[in-house]
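Visitor: Contents are compact mmCIF, C-alpha atoms; file name work08.txt:
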```txt
# COMPACT_ATOMS: atom_id res chain seq x y z
CA MET A 1 85.51 96.24 71.68
CA ALA A 2 84.46 99.81 72.49
CA PHE A 3 84.14 98.86 76.17
CA GLN A 4 87.64 97.37 76.08
CA GLU A 5 89.05 100.54 74.53
CA THR A 6 87.29 102.69 77.13
CA MET A 7 88.80 100.65 79.97
CA THR A 8 92.27 100.88 78.44
CA GLN A 9 91.89 104.65 78.09
CA GLN A 10 90.82 104.94 81.73
CA ILE A 11 93.83 102.93 82.88
CA ASP A 12 96.15 105.03 80.73
CA GLN A 13 94.63 108.17 82.24
CA VAL A 14 95.29 106.91 85.77
CA VAL A 15 98.88 106.00 84.87
CA GLU A 16 99.44 109.38 83.21
CA GLN A 17 97.99 111.29 86.16
CA VAL A 18 100.08 109.42 88.73
CA GLY A 19 103.07 109.77 86.42
CA GLY A 20 102.71 113.54 86.69
CA ILE A 21 103.45 113.20 90.41
CA ILE A 22 106.02 110.37 90.37
CA LEU A 23 108.26 111.32 87.47
CA GLY A 24 110.06 108.83 85.25
CA LYS A 25 108.56 105.69 86.83
CA ASP A 26 105.85 104.70 84.33
CA ARG A 27 106.59 100.97 84.52
CA GLN A 28 106.42 100.87 88.32
CA ILE A 29 103.17 102.85 88.20
CA ARG A 30 101.67 100.45 85.66
CA LEU A 31 102.67 97.52 87.86
CA ALA A 32 101.05 99.20 90.87
CA VAL A 33 97.82 99.78 88.94
CA ALA A 34 97.89 96.18 87.67
CA CYS A 35 98.24 95.01 91.27
CA LEU A 36 95.08 96.86 92.29
CA VAL A 37 93.16 95.72 89.20
CA ALA A 38 94.11 92.15 90.16
CA ARG A 39 92.65 92.78 93.66
CA GLY A 40 96.06 92.46 95.26
CA HIS A 41 98.01 94.31 97.93
CA LEU A 42 101.13 96.26 97.05
CA LEU A 43 104.49 96.50 98.83
CA ILE A 44 106.75 99.40 97.86
CA GLU A 45 110.29 98.91 99.11
CA ASP A 46 113.08 101.42 98.80
CA ILE A 47 115.19 103.93 100.66
CA PRO A 48 113.48 107.00 102.19
CA GLY A 49 112.84 109.95 99.93
CA VAL A 50 112.17 108.36 96.53
CA GLY A 51 108.38 108.83 96.54
CA LYS A 52 106.92 105.66 98.07
CA THR A 53 104.30 107.43 100.19
CA MET A 54 103.54 109.92 97.44
CA LEU A 55 102.82 107.05 95.03
CA ALA A 56 100.28 105.55 97.44
CA HIS A 57 98.55 108.93 97.89
CA ALA A 58 98.44 109.53 94.13
CA LEU A 59 96.98 106.08 93.40
CA ALA A 60 94.20 106.50 95.96
CA ALA A 61 93.34 110.00 94.72
CA SER A 62 93.33 108.96 91.06
CA LEU A 63 91.02 106.01 91.75
CA GLY A 64 88.62 108.02 93.90
CA LEU A 65 89.04 105.75 96.92
CA ALA A 66 88.73 106.56 100.63
CA PHE A 67 92.23 106.72 102.08
CA GLN A 68 93.78 106.28 105.53
CA ARG A 69 97.42 106.35 106.51
CA ILE A 70 98.93 104.42 109.41
CA GLN A 71 102.43 105.44 110.44
CA PHE A 72 104.03 102.24 111.70
CA THR A 73 106.33 102.77 114.68
CA SER A 74 107.86 100.51 117.29
CA ASP A 75 105.17 101.41 119.87
CA LEU A 76 102.19 100.82 117.54
CA LEU A 77 99.58 98.42 118.94
CA PRO A 78 97.07 96.23 117.03
CA ALA A 79 94.24 98.29 118.57
CA ASP A 80 95.72 101.40 116.94
CA ILE A 81 95.10 99.71 113.58
CA ILE A 82 91.85 97.80 114.12
CA GLY A 83 90.06 99.96 116.66
CA VAL A 84 88.93 99.72 120.26
CA SER A 85 85.73 99.59 122.30
CA ILE A 86 85.15 102.54 124.64
CA TYR A 87 82.58 102.66 127.43
CA ASN A 88 79.61 104.89 126.65
CA ARG A 89 78.02 106.36 129.76
CA GLU A 90 74.79 107.25 127.97
CA THR A 91 74.08 103.71 126.78
CA GLY A 92 75.78 101.96 129.66
CA GLY A 93 77.73 99.74 127.29
CA PHE A 94 80.85 99.59 125.20
CA GLN A 95 80.88 101.15 121.74
CA PHE A 96 83.37 100.09 119.07
CA HIS A 97 85.39 102.87 117.48
CA SER A 98 86.83 101.63 114.21
CA GLY A 99 90.49 102.15 113.43
CA PRO A 100 92.10 103.31 110.18
CA ILE A 101 91.99 99.77 108.75
CA PHE A 102 88.34 100.46 107.87
CA SER A 103 89.11 102.29 104.64
CA GLN A 104 89.26 101.37 100.96
CA VAL A 105 92.98 102.14 100.69
CA VAL A 106 95.17 101.75 103.75
CA LEU A 107 98.72 103.04 103.57
CA ALA A 108 100.89 101.09 106.01
CA ASP A 109 103.78 103.54 105.99
CA GLU A 110 107.17 102.07 106.94
CA VAL A 111 105.46 98.82 107.86
CA ASN A 112 108.69 97.13 108.94
CA ARG A 113 109.34 99.69 111.68
CA ALA A 114 106.55 98.16 113.78
CA THR A 115 106.92 95.07 115.92
CA PRO A 116 105.72 91.69 114.61
CA LYS A 117 102.70 91.93 116.94
CA ALA A 118 101.52 95.11 115.25
CA GLN A 119 102.35 93.77 111.78
CA SER A 120 100.21 90.69 112.43
CA ALA A 121 97.11 92.89 112.77
CA LEU A 122 97.13 93.20 108.98
CA LEU A 123 97.14 89.47 108.21
CA GLU A 124 93.42 88.70 108.49
CA ALA A 125 92.47 92.01 106.89
CA MET A 126 94.66 91.41 103.84
CA GLU A 127 93.62 87.80 103.32
CA GLU A 128 89.90 87.84 104.17
CA HIS A 129 88.94 91.55 104.01
CA GLN A 130 87.67 91.39 107.58
CA VAL A 131 88.95 91.80 111.12
CA THR A 132 88.04 89.93 114.28
CA THR A 133 88.23 91.78 117.54
CA GLU A 134 86.62 91.16 120.92
CA GLY A 135 84.97 88.04 119.55
CA GLU A 136 83.18 89.84 116.71
CA THR A 137 84.01 89.77 113.00
CA ARG A 138 83.69 93.05 111.13
CA HIS A 139 83.87 93.29 107.37
CA LEU A 140 86.04 95.89 105.65
CA PRO A 141 84.83 98.17 102.85
CA GLU A 142 85.14 97.13 99.22
CA PRO A 143 87.36 97.52 97.38
CA PHE A 144 90.03 97.10 100.03
CA PHE A 145 93.74 97.51 99.39
CA VAL A 146 96.80 97.68 101.58
CA ILE A 147 99.67 99.65 100.11
CA ALA A 148 102.66 99.23 102.39
CA THR A 149 105.99 101.00 102.20
CA GLN A 150 109.11 99.37 103.58
CA ASN A 151 112.61 100.59 104.25
CA PRO A 152 115.57 98.34 103.43
CA SER A 153 116.16 95.77 106.19
CA TYR A 154 119.71 96.99 106.82
CA GLN A 155 118.44 100.36 108.08
CA ILE A 156 118.26 101.00 111.83
CA GLY A 157 114.99 100.26 113.62
CA THR A 158 113.45 97.78 111.18
CA PHE A 159 111.79 94.43 111.89
CA PRO A 160 111.85 92.04 108.92
CA LEU A 161 108.41 91.03 107.65
CA PRO A 162 107.79 87.29 108.12
CA GLU A 163 107.30 85.16 105.03
CA SER A 164 103.58 84.75 105.77
CA GLN A 165 103.19 88.53 105.74
CA LEU A 166 105.22 89.01 102.57
CA ASP A 167 103.17 86.36 100.79
CA ARG A 168 99.99 88.42 101.36
CA PHE A 169 101.36 91.07 99.01
CA LEU A 170 100.61 90.32 95.38
CA MET A 171 103.48 92.50 94.18
CA ARG A 172 106.56 94.27 95.44
CA VAL A 173 107.96 97.17 93.45
CA ARG A 174 111.02 99.34 93.91
CA LEU A 175 111.11 102.90 92.64
CA GLY A 176 114.84 103.60 92.67
CA TYR A 177 116.45 106.93 91.90
CA PRO A 178 114.99 109.03 89.07
CA ASP A 179 117.02 109.54 85.92
CA ASN A 180 118.65 112.91 85.28
CA ALA A 181 115.81 114.30 83.17
CA ALA A 182 113.13 113.31 85.70
CA GLU A 183 115.13 114.70 88.62
CA ARG A 184 115.69 117.99 86.79
CA ALA A 185 111.94 118.26 86.11
CA LEU A 186 111.35 117.52 89.79
CA LEU A 187 113.73 120.27 90.86
CA ARG A 188 112.30 122.83 88.46
CA GLY A 189 108.65 121.93 88.91
CA GLN A 190 105.90 122.57 91.40
CA ASP A 191 105.97 120.98 94.85
CA ARG A 192 104.65 117.43 94.63
CA ARG A 193 102.36 117.90 97.64
CA ASP A 194 100.72 120.87 95.97
CA LEU A 195 100.22 118.86 92.80
CA LEU A 196 98.80 115.95 94.80
CA ALA A 197 96.13 118.25 96.27
CA THR A 198 94.91 119.07 92.75
CA LEU A 199 94.39 115.46 91.62
CA LYS A 200 90.88 114.50 90.57
CA PRO A 201 89.62 110.91 90.32
CA ALA A 202 90.29 109.53 86.85
CA MET A 203 88.15 106.51 87.66
CA SER A 204 85.31 105.81 90.08
CA PRO A 205 85.28 102.91 92.56
CA GLN A 206 82.46 101.36 90.51
CA GLU A 207 84.55 101.54 87.34
CA LEU A 208 87.48 100.00 89.20
CA ALA A 209 85.21 97.16 90.37
CA ALA A 210 84.16 96.60 86.73
CA LEU A 211 87.82 96.48 85.73
CA GLN A 212 88.56 93.92 88.43
CA GLN A 213 85.67 91.77 87.26
CA ARG A 214 86.82 92.07 83.66
CA ALA A 215 90.36 91.05 84.62
CA ARG A 216 89.07 87.78 86.03
CA GLN A 217 87.48 87.01 82.66
CA VAL A 218 90.66 87.48 80.61
CA HIS A 219 91.25 84.16 78.87
CA ALA A 220 94.20 81.97 79.80
CA SER A 221 94.87 78.92 77.62
CA ASN A 222 96.01 75.51 78.77
CA ALA A 223 99.44 76.28 77.31
CA LEU A 224 99.57 79.40 79.50
CA PHE A 225 98.67 77.31 82.56
CA ASP A 226 101.47 74.93 81.56
CA TYR A 227 103.92 77.83 81.53
CA VAL A 228 102.87 79.11 84.96
CA GLN A 229 103.12 75.60 86.39
CA ALA A 230 106.50 75.05 84.77
CA LEU A 231 107.82 78.23 86.40
CA THR A 232 106.53 77.30 89.84
CA ASP A 233 107.61 73.67 89.51
CA HIS A 234 111.15 74.74 88.58
CA THR A 235 111.48 76.74 91.81
CA ARG A 236 110.38 73.70 93.82
CA ARG A 237 112.59 71.07 92.16
CA THR A 238 115.82 72.98 91.81
CA GLY A 239 118.10 73.74 94.71
CA ASP A 240 118.43 77.37 93.61
CA TYR A 241 115.90 78.66 96.15
CA VAL A 242 115.34 78.22 99.87
CA ASN A 243 111.67 77.44 99.20
CA GLY A 244 109.73 77.09 95.97
CA LEU A 245 106.72 79.14 94.96
CA SER A 246 103.48 78.20 96.74
CA PRO A 247 100.10 77.61 95.07
CA ARG A 248 99.11 81.09 96.29
CA ALA A 249 102.11 82.49 94.41
CA ALA A 250 101.06 80.65 91.25
CA LEU A 251 97.59 82.18 91.52
CA ALA A 252 99.13 85.58 92.15
CA LEU A 253 101.21 85.24 88.99
CA LEU A 254 98.14 84.32 86.95
CA HIS A 255 95.98 87.12 88.38
CA ALA A 256 98.72 89.70 87.80
CA ALA A 257 99.29 88.48 84.22
CA ARG A 258 95.56 88.74 83.50
CA ALA A 259 95.50 92.32 84.79
CA TRP A 260 98.60 93.18 82.73
CA ALA A 261 96.97 91.74 79.60
CA LEU A 262 93.81 93.75 80.24
CA MET A 263 95.87 96.92 80.64
CA GLY A 264 97.46 96.14 77.29
CA GLY A 265 94.03 95.98 75.65
CA ARG A 266 93.95 92.20 75.20
CA ASP A 267 91.28 89.68 76.20
CA HIS A 268 93.78 86.82 76.54
CA VAL A 269 97.05 86.24 78.38
CA VAL A 270 100.30 85.62 76.51
CA PRO A 271 103.61 84.41 78.03
CA GLU A 272 105.02 87.92 77.74
CA ASP A 273 102.39 89.10 80.24
CA VAL A 274 103.61 86.52 82.74
CA GLN A 275 107.22 87.56 82.16
CA ALA A 276 106.34 91.26 82.55
CA VAL A 277 104.89 90.82 86.05
CA LEU A 278 107.24 88.02 87.16
CA PRO A 279 109.85 90.23 88.93
CA ALA A 280 107.22 92.04 91.00
CA VAL A 281 105.35 88.84 91.91
CA VAL A 282 108.23 86.50 92.79
CA GLY A 283 110.97 88.88 93.92
CA HIS A 284 109.77 88.96 97.54
CA ARG A 285 108.77 85.30 97.61
CA LEU A 286 111.98 83.63 96.47
CA VAL A 287 115.28 83.63 98.31
CA ALA A 288 118.07 82.48 96.03
CA THR A 289 120.90 80.29 97.26
CA GLY A 290 124.28 79.07 96.09
CA GLU A 291 125.72 80.24 92.82
CA ILE A 292 122.69 82.24 91.65
CA THR A 293 122.34 84.46 94.71
CA ARG A 294 120.69 87.62 93.39
CA VAL A 295 120.13 91.07 94.75
CA ASN A 296 116.66 91.84 93.39
CA GLY A 297 113.51 90.40 91.89
CA ALA A 298 114.51 91.31 88.34
CA ASP A 299 117.60 89.11 88.51
CA ILE A 300 115.63 86.20 89.95
CA ALA A 301 112.97 86.60 87.24
CA ASP A 302 115.60 86.78 84.48
CA HIS A 303 117.12 83.56 85.75
CA LEU A 304 113.72 81.85 85.80
CA ILE A 305 112.84 83.03 82.31
CA LYS A 306 116.11 81.69 80.94
CA GLN A 307 115.76 78.35 82.74
CA VAL A 308 112.10 77.64 81.90
CA ALA A 309 111.12 77.37 78.26
CA ILE A 310 107.74 78.57 77.00
CA PRO A 311 105.65 75.46 76.15
```
Let me see the structure of the file written as structure tokens.
Guide:
Amino acid sequence: MAFQETMTQQIDQVVEQVGGIILGKDRQIRLAVACLVARGHLLIEDIPGVGKTMLAHALAASLGLAFQRIQFTSDLLPADIIGVSIYNRETGGFQFHSGPIFSQVVLADEVNRATPKAQSALLEAMEEHQVTTEGETRHLPEPFFVIATQNPSYQIGTFPLPESQLDRFLMRVRLGYPDNAAERALLRGQDRRDLLATLKPAMSPQELAALQQRARQVHASNALFDYVQALTDHTRRTGDYVNGLSPRAALALLHAARAWALMGGRDHVVPEDVQAVLPAVVGHRLVATGEITRVNGADIADHLIKQVAIP
């Protein structure tokens, strides 16, 4: 029990520290932390200027993880992400120079401004934590997370992420505008970049690894499995969505719910944990059709929760 309380306190400390940088967004921060505890990748989608990149920086700093940023642009090449071999005159052979993907936290900033060819360089890394280049497979450091930011698709110069790429992200969160009190504190307070430079790790990579292992052990009952399956089955049978949730999505929902339960200090998952993470897990995976066309993941999740009863 003491170990459980210590972990909860550590998580709360991380959330509080990041919340001092990104004001008034505690729920989004908790979802982002839950995503990393569940060993998932995070997609932050919103308009420019609401703190997407700052959130990624603050998470990496608070977790004590090595951090690299890749600015995605239309001329970015896969080699700019993975790395390239350069001829070494002294050895008479080629030497591989690793790219920024070889880091514990990789910020793919404005990921949808790059071409599909450049975006595809992330697929193997996100799924298998390795990259294959020039016929050789190279493993990435552990833990390994991709935190990608994305501008709305209607903005100029964006390339929509394919469904296969979106499905690699465990969660998608949107920050939105701050409320009046948070914005006033932002205007009156210290520059966020200066505050970011003062952040100290609230958790070590080893402690994060222990949290991730603990999250896998959070108990889920057969009734909870029934609920997850009922949610996914509903999306497949009904005509409300272009495509139903995949088995990978069902696993993502379970992993995220386990992490959310752990962050709440519980050693078992309850349906409310599933409902809490549902918007972030399914919002980018489901495209609604017909009469229930929705504008965001929260609306889709609300509809699902109303349609599917808890067993």
Visitor: For each of A:Leu65, A:Leu170, A:Val218, A:Ala181, take the minimum atom-to-atom distance to A:Gly264, counting all atoms listed in the file, then give the residue where this is smallest.
Guide: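 Looking at the shortest contact to A:Gly264, the residue is A:Val218.
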Visitor: At a cut-off of 10 Å, using only C-alpha atoms, what residues contact A:Arg285? Leave out same-chain residues fewer than 3 positions from it and give the result as an NGL selection string.
Guide: :A and (163-164 or 166-167 or 169-172 or 241-246 or 249 or 280-282 or 288 or 297)
Visitor: Counting only C-alpha atoms, which residues of stretch 53-135 of chain A sit at most 8 Å from some atom of stretch 21-35 of chain A, and what is each one's closest atom pair with its distance in Å to one decimal, listed by chain and rising residue number, as a Markdown table?
Guide:
```
| residue | atom | partner | partner_atom | distance |
| --- | --- | --- | --- | --- |
| A:Met54 | CA | A:Ile22 | CA | 7.5 |
| A:Leu55 | CA | A:Ile22 | CA | 6.6 |
| A:Ala58 | CA | A:Ile21 | CA | 7.2 |
| A:Leu59 | CA | A:Val33 | CA | 7.8 |
```
Visitor: Give as a compact mmCIF listing (two decimals) with C-alpha atoms, in the frame of the given file every residue, naming chains and numbers as the document does, that has an atom within 9 Å of (93.2, 94.7, 91.0), counting only C-alpha atoms.
Guide:
```txt
# COMPACT_ATOMS: atom_id res chain seq x y z
CA VAL A 33 97.82 99.78 88.94
CA ALA A 34 97.89 96.18 87.67
CA CYS A 35 98.24 95.01 91.27
CA LEU A 36 95.08 96.86 92.29
CA VAL A 37 93.16 95.72 89.20
CA ALA A 38 94.11 92.15 90.16
CA ARG A 39 92.65 92.78 93.66
CA GLY A 40 96.06 92.46 95.26
CA HIS A 41 98.01 94.31 97.93
CA PHE A 145 93.74 97.51 99.39
CA LEU A 208 87.48 100.00 89.20
CA ALA A 209 85.21 97.16 90.37
CA LEU A 211 87.82 96.48 85.73
CA GLN A 212 88.56 93.92 88.43
CA GLN A 213 85.67 91.77 87.26
CA ALA A 215 90.36 91.05 84.62
CA HIS A 255 95.98 87.12 88.38
CA ALA A 256 98.72 89.70 87.80
CA ALA A 259 95.50 92.32 84.79
```
Visitor: Under the rule that all atoms listed in the file are counted, which of A:Arg192, A:Asn151, A:Ser98, A:Arg174 is the nearest residue to A:Ala298?
Guide: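 Going through A:Arg192, A:Asn151, A:Ser98, A:Arg174 one by one, the smallest distance to A:Ala298 is for A:Arg174.
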Visitor: So, counting all atoms listed in the file, which residue among A:Val308, A:Gly265, A:Pro271, A:Thr235 is closest to A:Thr289?
Guide: A:Thr235
Visitor: Quote the spacing between atom CA of A:Met203 and atom CA of A:Arg266 in Å to one decimal place.
Guide: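 Answer for the atom CA of A:Met203 to atom CA of A:Arg266 separation: 19.8 Å.
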Visitor: Name all residues at most 8 Å from A:His139 (count all atoms listed in the file; drop same-chain ones fewer than 4 positions away) and give them as an MDAnalysis selection string.
Guide: chainID A and resid 129:131
Visitor: Kindly give the distance, in Å, that separates atom CA of A:Leu262 and atom CA of A:Gln275, rounded to a single decimal.
Guide: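 Answer for the atom CA of A:Leu262 to atom CA of A:Gln275 separation: 14.9 Å.
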Visitor: Calculate how many Å separate atom CA of A:Trp260 from atom CA of A:Tyr177, rounding to one decimal.
Guide: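 These two atoms are separated by 24.3 Å.
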Visitor: Around stretch 169-179 of chain A, with edges along x, y and z and 3 Å added on all six sides, what centre and edge lengths do you get, in Å to one decimal, as AutoDock Vina command-line options?
Guide:
```
--center_x 108.8 --center_y 99.9 --center_z 92.5 --size_x 22.4 --size_y 25.2 --size_z 19.1
```
Visitor: If we draw a sphere of 10 Å around (103.5, 107.7, 106.7), which residues have at least one atom in it when counting all atoms listed in the file? Please report them as a list in words.
Guide: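 Output of the proximity query reads Lys52, Thr53, Met54, Gln68, Arg69, Ile70, Gln71, Phe72, Thr73, Leu107, Ala108, Asp109, Glu110, Val111, Ala148 and Thr149 of chain A.
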